[in-house]
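A.B. asks: See entry32.txt below, with compact mmCIF, N, CA and C atoms.
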# COMPACT_ATOMS: atom_id res chain seq x y z
N MET A 1 -46.20 -19.80 -8.32
CA MET A 1 -45.59 -19.36 -9.56
C MET A 1 -45.24 -17.87 -9.49
N GLN A 2 -46.18 -17.08 -8.95
CA GLN A 2 -45.92 -15.65 -8.85
C GLN A 2 -44.74 -15.36 -7.93
N GLN A 3 -44.58 -16.19 -6.89
CA GLN A 3 -43.46 -16.02 -5.97
C GLN A 3 -42.14 -16.18 -6.72
N HIS A 4 -42.05 -17.19 -7.60
CA HIS A 4 -40.83 -17.42 -8.36
C HIS A 4 -40.54 -16.27 -9.32
N VAL A 5 -41.59 -15.75 -9.93
CA VAL A 5 -41.42 -14.62 -10.85
C VAL A 5 -40.89 -13.41 -10.09
N ARG A 6 -41.44 -13.14 -8.91
CA ARG A 6 -40.96 -12.02 -8.11
C ARG A 6 -39.50 -12.21 -7.70
N THR A 7 -39.17 -13.43 -7.31
CA THR A 7 -37.79 -13.71 -6.91
C THR A 7 -36.84 -13.48 -8.07
N TRP A 8 -37.19 -13.97 -9.25
CA TRP A 8 -36.33 -13.77 -10.42
C TRP A 8 -36.25 -12.30 -10.81
N ALA A 9 -37.39 -11.59 -10.70
CA ALA A 9 -37.38 -10.17 -11.03
C ALA A 9 -36.47 -9.40 -10.09
N CYS A 10 -36.54 -9.72 -8.80
CA CYS A 10 -35.65 -9.06 -7.82
C CYS A 10 -34.20 -9.37 -8.11
N ALA A 11 -33.93 -10.62 -8.45
CA ALA A 11 -32.55 -11.02 -8.75
C ALA A 11 -32.03 -10.27 -9.97
N LEU A 12 -32.86 -10.13 -11.01
CA LEU A 12 -32.45 -9.42 -12.21
C LEU A 12 -32.19 -7.94 -11.92
N VAL A 13 -33.04 -7.33 -11.10
CA VAL A 13 -32.85 -5.93 -10.75
C VAL A 13 -31.54 -5.76 -9.99
N MET A 14 -31.26 -6.68 -9.05
CA MET A 14 -30.01 -6.59 -8.29
C MET A 14 -28.81 -6.78 -9.20
N LEU A 15 -28.88 -7.72 -10.12
CA LEU A 15 -27.77 -7.95 -11.05
C LEU A 15 -27.57 -6.76 -11.97
N ALA A 16 -28.64 -6.18 -12.42
CA ALA A 16 -28.53 -5.02 -13.30
C ALA A 16 -27.88 -3.85 -12.55
N GLY A 17 -28.24 -3.68 -11.27
CA GLY A 17 -27.63 -2.62 -10.47
C GLY A 17 -26.15 -2.85 -10.27
N THR A 18 -25.77 -4.10 -10.05
CA THR A 18 -24.36 -4.43 -9.87
C THR A 18 -23.59 -4.21 -11.15
N ALA A 19 -24.16 -4.62 -12.26
CA ALA A 19 -23.48 -4.47 -13.55
C ALA A 19 -23.27 -2.99 -13.88
N SER A 20 -24.28 -2.16 -13.63
CA SER A 20 -24.12 -0.75 -13.96
C SER A 20 -23.10 -0.09 -13.05
N ALA A 21 -23.02 -0.53 -11.80
CA ALA A 21 -22.03 0.04 -10.90
C ALA A 21 -20.62 -0.36 -11.33
N GLN A 22 -20.47 -1.57 -11.85
CA GLN A 22 -19.16 -2.00 -12.30
C GLN A 22 -18.77 -1.34 -13.61
N GLU A 23 -19.72 -1.02 -14.45
CA GLU A 23 -19.43 -0.39 -15.73
C GLU A 23 -18.99 1.06 -15.56
N ALA A 24 -19.26 1.67 -14.42
CA ALA A 24 -18.89 3.07 -14.20
C ALA A 24 -17.37 3.24 -14.19
N ARG A 25 -16.64 2.18 -13.93
CA ARG A 25 -15.18 2.24 -13.93
C ARG A 25 -14.68 2.23 -15.36
N SER A 26 -13.91 3.23 -15.71
CA SER A 26 -13.45 3.35 -17.09
C SER A 26 -12.30 2.39 -17.36
N PRO A 27 -12.12 2.00 -18.61
CA PRO A 27 -10.99 1.12 -18.96
C PRO A 27 -9.64 1.78 -18.66
N LEU A 28 -9.57 3.10 -18.78
CA LEU A 28 -8.33 3.81 -18.50
C LEU A 28 -7.95 3.67 -17.02
N VAL A 29 -8.94 3.81 -16.14
CA VAL A 29 -8.69 3.67 -14.70
C VAL A 29 -8.28 2.24 -14.38
N ALA A 30 -8.93 1.27 -15.01
CA ALA A 30 -8.60 -0.13 -14.77
C ALA A 30 -7.17 -0.43 -15.22
N ARG A 31 -6.75 0.12 -16.36
CA ARG A 31 -5.38 -0.10 -16.83
C ARG A 31 -4.36 0.57 -15.91
N ALA A 32 -4.67 1.77 -15.44
CA ALA A 32 -3.77 2.46 -14.53
C ALA A 32 -3.62 1.69 -13.23
N ASP A 33 -4.74 1.16 -12.73
CA ASP A 33 -4.71 0.36 -11.51
C ASP A 33 -3.88 -0.90 -11.71
N ALA A 34 -4.05 -1.54 -12.83
CA ALA A 34 -3.29 -2.76 -13.13
C ALA A 34 -1.79 -2.45 -13.22
N ARG A 35 -1.45 -1.33 -13.80
CA ARG A 35 -0.04 -0.95 -13.90
C ARG A 35 0.56 -0.67 -12.52
N MET A 36 -0.22 -0.01 -11.66
CA MET A 36 0.26 0.25 -10.30
C MET A 36 0.47 -1.06 -9.54
N GLN A 37 -0.46 -2.00 -9.70
CA GLN A 37 -0.32 -3.30 -9.04
C GLN A 37 0.91 -4.04 -9.55
N LEU A 38 1.16 -3.97 -10.85
CA LEU A 38 2.35 -4.61 -11.41
C LEU A 38 3.62 -3.94 -10.91
N GLY A 39 3.58 -2.62 -10.79
CA GLY A 39 4.73 -1.89 -10.26
C GLY A 39 5.03 -2.29 -8.83
N ALA A 40 3.99 -2.43 -8.02
CA ALA A 40 4.17 -2.85 -6.63
C ALA A 40 4.74 -4.26 -6.57
N ALA A 41 4.20 -5.15 -7.39
CA ALA A 41 4.67 -6.54 -7.39
C ALA A 41 6.12 -6.64 -7.85
N SER A 42 6.52 -5.80 -8.80
CA SER A 42 7.90 -5.86 -9.29
C SER A 42 8.90 -5.31 -8.27
N LEU A 43 8.46 -4.42 -7.38
CA LEU A 43 9.37 -3.86 -6.38
C LEU A 43 9.51 -4.73 -5.14
N VAL A 44 8.56 -5.61 -4.91
CA VAL A 44 8.60 -6.45 -3.70
C VAL A 44 9.91 -7.22 -3.58
N PRO A 45 10.38 -7.95 -4.62
CA PRO A 45 11.64 -8.69 -4.45
C PRO A 45 12.85 -7.78 -4.19
N THR A 46 12.81 -6.57 -4.71
CA THR A 46 13.93 -5.65 -4.54
C THR A 46 13.95 -5.02 -3.15
N LEU A 47 12.79 -4.70 -2.60
CA LEU A 47 12.73 -3.95 -1.34
C LEU A 47 12.46 -4.80 -0.11
N ARG A 48 11.71 -5.89 -0.25
CA ARG A 48 11.31 -6.68 0.91
C ARG A 48 12.54 -7.19 1.67
N GLY A 49 12.51 -6.99 2.98
CA GLY A 49 13.59 -7.47 3.83
C GLY A 49 14.74 -6.50 4.02
N ARG A 50 14.74 -5.42 3.27
CA ARG A 50 15.84 -4.44 3.39
C ARG A 50 15.59 -3.53 4.58
N TRP A 51 16.68 -3.16 5.24
CA TRP A 51 16.60 -2.20 6.34
C TRP A 51 16.49 -0.79 5.77
N LEU A 52 15.68 0.03 6.41
CA LEU A 52 15.49 1.41 6.01
C LEU A 52 16.11 2.31 7.08
N TYR A 53 16.92 3.26 6.63
CA TYR A 53 17.60 4.18 7.53
C TYR A 53 17.12 5.61 7.26
N ALA A 54 17.15 6.42 8.32
CA ALA A 54 16.84 7.85 8.18
C ALA A 54 18.12 8.64 8.44
N ASN A 55 17.98 9.92 8.70
CA ASN A 55 19.14 10.78 8.94
C ASN A 55 20.03 10.22 10.05
N ASP A 56 21.34 10.42 9.92
CA ASP A 56 22.33 10.01 10.91
C ASP A 56 22.29 8.51 11.20
N LYS A 57 22.05 7.71 10.17
CA LYS A 57 22.03 6.23 10.28
C LYS A 57 21.00 5.71 11.28
N LEU A 58 19.92 6.46 11.49
CA LEU A 58 18.83 6.04 12.36
C LEU A 58 18.11 4.86 11.70
N VAL A 59 18.05 3.73 12.37
CA VAL A 59 17.38 2.55 11.81
C VAL A 59 15.88 2.72 12.00
N VAL A 60 15.15 2.88 10.89
CA VAL A 60 13.71 3.06 10.94
C VAL A 60 13.04 1.70 11.10
N GLY A 61 13.42 0.73 10.29
CA GLY A 61 12.82 -0.60 10.35
C GLY A 61 13.10 -1.36 9.08
N ARG A 62 12.39 -2.46 8.91
CA ARG A 62 12.59 -3.34 7.77
C ARG A 62 11.37 -3.29 6.85
N VAL A 63 11.62 -3.22 5.54
CA VAL A 63 10.54 -3.18 4.56
C VAL A 63 9.87 -4.56 4.52
N GLN A 64 8.55 -4.57 4.68
CA GLN A 64 7.77 -5.80 4.70
C GLN A 64 7.08 -6.09 3.37
N ASP A 65 6.65 -5.01 2.69
CA ASP A 65 5.84 -5.19 1.49
C ASP A 65 5.81 -3.88 0.71
N VAL A 66 5.29 -3.93 -0.51
CA VAL A 66 5.04 -2.75 -1.31
C VAL A 66 3.59 -2.84 -1.78
N ARG A 67 2.83 -1.76 -1.55
CA ARG A 67 1.41 -1.73 -1.91
C ARG A 67 1.10 -0.46 -2.70
N VAL A 68 -0.08 -0.44 -3.27
CA VAL A 68 -0.58 0.75 -3.94
C VAL A 68 -1.35 1.56 -2.90
N SER A 69 -1.17 2.88 -2.90
CA SER A 69 -1.88 3.73 -1.95
C SER A 69 -3.38 3.63 -2.16
N GLN A 70 -4.14 4.07 -1.16
CA GLN A 70 -5.60 3.98 -1.24
C GLN A 70 -6.17 4.76 -2.41
N ASP A 71 -5.54 5.89 -2.76
CA ASP A 71 -6.04 6.67 -3.88
C ASP A 71 -5.55 6.13 -5.22
N GLY A 72 -4.66 5.12 -5.18
CA GLY A 72 -4.22 4.45 -6.39
C GLY A 72 -3.18 5.19 -7.21
N THR A 73 -2.54 6.20 -6.62
CA THR A 73 -1.59 7.01 -7.39
C THR A 73 -0.13 6.83 -7.00
N THR A 74 0.14 6.19 -5.87
CA THR A 74 1.51 6.09 -5.38
C THR A 74 1.78 4.68 -4.85
N LEU A 75 3.01 4.23 -5.03
CA LEU A 75 3.43 2.98 -4.41
C LEU A 75 3.93 3.29 -3.01
N ILE A 76 3.54 2.46 -2.06
CA ILE A 76 3.87 2.66 -0.65
C ILE A 76 4.71 1.49 -0.16
N ALA A 77 5.85 1.78 0.47
CA ALA A 77 6.65 0.74 1.12
C ALA A 77 6.12 0.57 2.53
N VAL A 78 5.72 -0.64 2.87
CA VAL A 78 5.23 -0.95 4.21
C VAL A 78 6.46 -1.32 5.05
N VAL A 79 6.70 -0.55 6.09
CA VAL A 79 7.90 -0.72 6.92
C VAL A 79 7.48 -1.08 8.34
N ALA A 80 8.07 -2.15 8.86
CA ALA A 80 7.87 -2.52 10.27
C ALA A 80 8.79 -1.62 11.09
N ARG A 81 8.20 -0.59 11.68
CA ARG A 81 8.97 0.41 12.42
C ARG A 81 9.51 -0.18 13.72
N ARG A 82 10.73 0.19 14.07
CA ARG A 82 11.35 -0.29 15.29
C ARG A 82 10.53 0.14 16.51
N ARG A 83 10.54 -0.66 17.56
CA ARG A 83 9.73 -0.38 18.75
C ARG A 83 10.07 0.96 19.39
N TRP A 84 11.33 1.28 19.47
CA TRP A 84 11.71 2.52 20.14
C TRP A 84 11.34 3.76 19.33
N LEU A 85 10.85 3.54 18.10
CA LEU A 85 10.31 4.65 17.29
C LEU A 85 8.78 4.63 17.29
N GLY A 86 8.18 3.74 18.05
CA GLY A 86 6.73 3.67 18.14
C GLY A 86 6.15 2.35 17.68
N GLY A 87 6.94 1.54 16.99
CA GLY A 87 6.48 0.22 16.55
C GLY A 87 5.38 0.31 15.51
N GLY A 88 4.90 -0.84 15.10
CA GLY A 88 3.82 -0.93 14.12
C GLY A 88 4.29 -0.77 12.69
N GLU A 89 3.37 -0.98 11.77
CA GLU A 89 3.68 -0.84 10.35
C GLU A 89 3.29 0.55 9.86
N ILE A 90 4.24 1.18 9.17
CA ILE A 90 4.00 2.50 8.61
C ILE A 90 4.17 2.43 7.10
N GLY A 91 3.60 3.37 6.40
CA GLY A 91 3.72 3.44 4.95
C GLY A 91 4.55 4.64 4.53
N ILE A 92 5.56 4.39 3.71
CA ILE A 92 6.39 5.47 3.20
C ILE A 92 6.33 5.42 1.68
N PRO A 93 5.96 6.53 1.03
CA PRO A 93 5.89 6.53 -0.43
C PRO A 93 7.24 6.14 -1.05
N VAL A 94 7.21 5.24 -2.00
CA VAL A 94 8.42 4.76 -2.65
C VAL A 94 9.24 5.90 -3.26
N PRO A 95 8.61 6.93 -3.84
CA PRO A 95 9.43 8.03 -4.38
C PRO A 95 10.27 8.75 -3.32
N HIS A 96 9.94 8.61 -2.04
CA HIS A 96 10.72 9.24 -0.97
C HIS A 96 11.92 8.40 -0.56
N LEU A 97 12.01 7.16 -1.04
CA LEU A 97 13.13 6.29 -0.70
C LEU A 97 14.30 6.56 -1.64
N HIS A 98 15.50 6.45 -1.09
CA HIS A 98 16.71 6.68 -1.87
C HIS A 98 17.72 5.57 -1.59
N GLN A 99 18.56 5.32 -2.56
CA GLN A 99 19.65 4.36 -2.40
C GLN A 99 20.92 5.17 -2.18
N PHE A 100 21.55 5.00 -1.03
CA PHE A 100 22.82 5.66 -0.75
C PHE A 100 23.83 4.57 -0.45
N GLU A 101 24.83 4.44 -1.34
CA GLU A 101 25.77 3.32 -1.30
C GLU A 101 24.96 2.03 -1.32
N ASN A 102 24.99 1.24 -0.26
CA ASN A 102 24.21 0.00 -0.24
C ASN A 102 23.00 0.10 0.69
N ASP A 103 22.73 1.30 1.21
CA ASP A 103 21.65 1.48 2.17
C ASP A 103 20.41 2.09 1.52
N LEU A 104 19.26 1.67 1.99
CA LEU A 104 17.99 2.26 1.59
C LEU A 104 17.67 3.34 2.62
N THR A 105 17.47 4.57 2.16
CA THR A 105 17.31 5.68 3.10
C THR A 105 16.05 6.49 2.80
N VAL A 106 15.64 7.24 3.82
CA VAL A 106 14.55 8.20 3.71
C VAL A 106 14.93 9.40 4.56
N SER A 107 14.58 10.58 4.12
CA SER A 107 14.87 11.78 4.90
C SER A 107 13.93 11.84 6.09
N GLY A 108 14.47 12.13 7.24
CA GLY A 108 13.63 12.27 8.42
C GLY A 108 14.43 12.18 9.69
N THR A 109 13.89 12.81 10.72
CA THR A 109 14.51 12.77 12.04
C THR A 109 13.76 11.75 12.89
N ARG A 110 14.30 11.50 14.08
CA ARG A 110 13.65 10.57 15.00
C ARG A 110 12.20 10.99 15.26
N GLU A 111 11.99 12.28 15.49
CA GLU A 111 10.63 12.77 15.78
C GLU A 111 9.71 12.66 14.57
N SER A 112 10.21 12.98 13.38
CA SER A 112 9.34 12.91 12.20
C SER A 112 8.96 11.46 11.89
N ILE A 113 9.86 10.52 12.15
CA ILE A 113 9.55 9.10 11.94
C ILE A 113 8.51 8.64 12.95
N ARG A 114 8.61 9.12 14.18
CA ARG A 114 7.61 8.76 15.21
C ARG A 114 6.23 9.29 14.86
N GLN A 115 6.16 10.40 14.14
CA GLN A 115 4.89 11.04 13.82
C GLN A 115 4.15 10.37 12.66
N ILE A 116 4.80 9.48 11.93
CA ILE A 116 4.14 8.82 10.79
C ILE A 116 3.05 7.90 11.34
N PRO A 117 1.82 8.07 10.89
CA PRO A 117 0.73 7.25 11.42
C PRO A 117 0.85 5.79 10.99
N LEU A 118 0.31 4.91 11.81
CA LEU A 118 0.31 3.48 11.51
C LEU A 118 -0.66 3.19 10.37
N LEU A 119 -0.33 2.16 9.60
CA LEU A 119 -1.23 1.71 8.54
C LEU A 119 -2.39 0.97 9.16
N LYS A 120 -3.55 1.11 8.56
CA LYS A 120 -4.71 0.36 9.03
C LYS A 120 -4.62 -1.07 8.52
N PRO A 121 -4.98 -2.03 9.37
CA PRO A 121 -4.90 -3.44 8.94
C PRO A 121 -5.85 -3.78 7.84
Mind turning the file's structure into C-alpha cells?

C.D. replies:
Amino acid sequence: MQQHVRTWACALVMLAGTASAQEARSPLVARADARMQLGAASLVPTLRGRWLYANDKLVVGRVQDVRVSQDGTTLIAVVARRRWLGGGEIGIPVPHLHQFENDLTVSGTRESIRQIPLLKP
C-alpha cells in the first residue's frame, strides 16, 4: 500500500512541475506564436515552388517551405540552394524577399549566398 502511495505522490509532484512550467508561458506569447504560425501557413501556397533569384539573375534555388524562426519573431523561407552555390537548405527571412516583375528576388552576390549557413534538420 505504501508503495502505491509513493508512486502516486511522485506522479503528482511530476505533474505539478510540468503544469507550472507550462503556465510560465504568457497568453500574449502564445497568441503571438499562433499568429506567426498562421502567417507562415498562409505564405506557403504563395511561395512554395517558386524560384528565388539574387543579383544579376543568379538562380539561388527553389522555395520549399515557410517556417517561423527559432526566436519566433520572423518568418523564414526555406530554400533548396542550388548545388553550385553549396547545396542544402538555407533560411532567408521573408522580409528580405522582393517581387520584381514576376520573379522572387533577394539581394546578394554569389559569395554572400554561399556564406548563408545550412538549416539544421

A.B. asks: Between CA of Glu101 (chain A) and atom N of Arg114 (chain A), what is the distance in Å, rounded to a tenth?

C.D. replies: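 Interatomic distance here is 23.8 Å.
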
A.B. asks: Give the answer as one residue: which of A:Ala34, A:Val44, A:Leu104, A:Leu52 has the shortest atom-to-atom distance to Gly72 (chain A), using only C-alpha atoms?

C.D. replies: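 Result for the nearest residue to Gly72 (chain A): A:Ala34.
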
A.B. asks: Using Å and a single decimal, report how far CA of Pro121 (chain A) sits from CA of Val68 (chain A).

C.D. replies: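 Interatomic distance, CA of Val68 (chain A) to CA of Pro121 (chain A): 14.2 Å.
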
A.B. asks: Excluding same-chain residues fewer than 5 positions from Arg83 (chain A), what lies within 8 Å of it counting all atoms listed in the file, as a list in words?

C.D. replies: Val60, Gly61 and Gly88 of chain A

A.B. asks: From the set A:Leu43, A:Leu97, A:Leu58, A:Met36, which residue has the shortest atom-to-atom contact distance to Gln70 (chain A), counting only C-alpha atoms?

C.D. replies: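 The closest residue to Gln70 (chain A) is A:Met36.
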
A.B. asks: Give me the residues within 10 Å of Ile92 (chain A) as number ranges by chain, counting only C-alpha atoms and dropping any in the same chain fewer than 4 places off.

C.D. replies: A: 63, 66, 69, 74-79, 96-97, 106, 113, 116

A.B. asks: To one decimal place in Å, what is the distance between atom C of Asp33 (chain A) and atom N of Thr73 (chain A)?

C.D. replies: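 We find that atom C of Asp33 (chain A) and atom N of Thr73 (chain A) lie 8.8 Å from each other.
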
A.B. asks: Hey, what does DSSP flag as helix (DSSP H, G or I) within region 68-105 of chain A? Can you give it to me as a list in words?

C.D. replies: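 Here is the list: Arg83, Trp84, Leu85, Val94, Pro95 and His96 of chain A.
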
A.B. asks: Could you check the closest approach to Gly91 (chain A) for each of A:Val29, A:Leu119, A:Leu47, A:Leu38 and tell me which residue wins, using all atoms listed in the file?

C.D. replies: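 Result for the nearest residue to Gly91 (chain A): A:Leu119.
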
A.B. asks: Using all atoms listed in the file, find the one residue out of A:Gly39, A:Gly49, A:Pro27, A:Pro117 that sits nearest to Arg67 (chain A).

C.D. replies: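 Among the listed residues, A:Gly39 lies closest to Arg67 (chain A).
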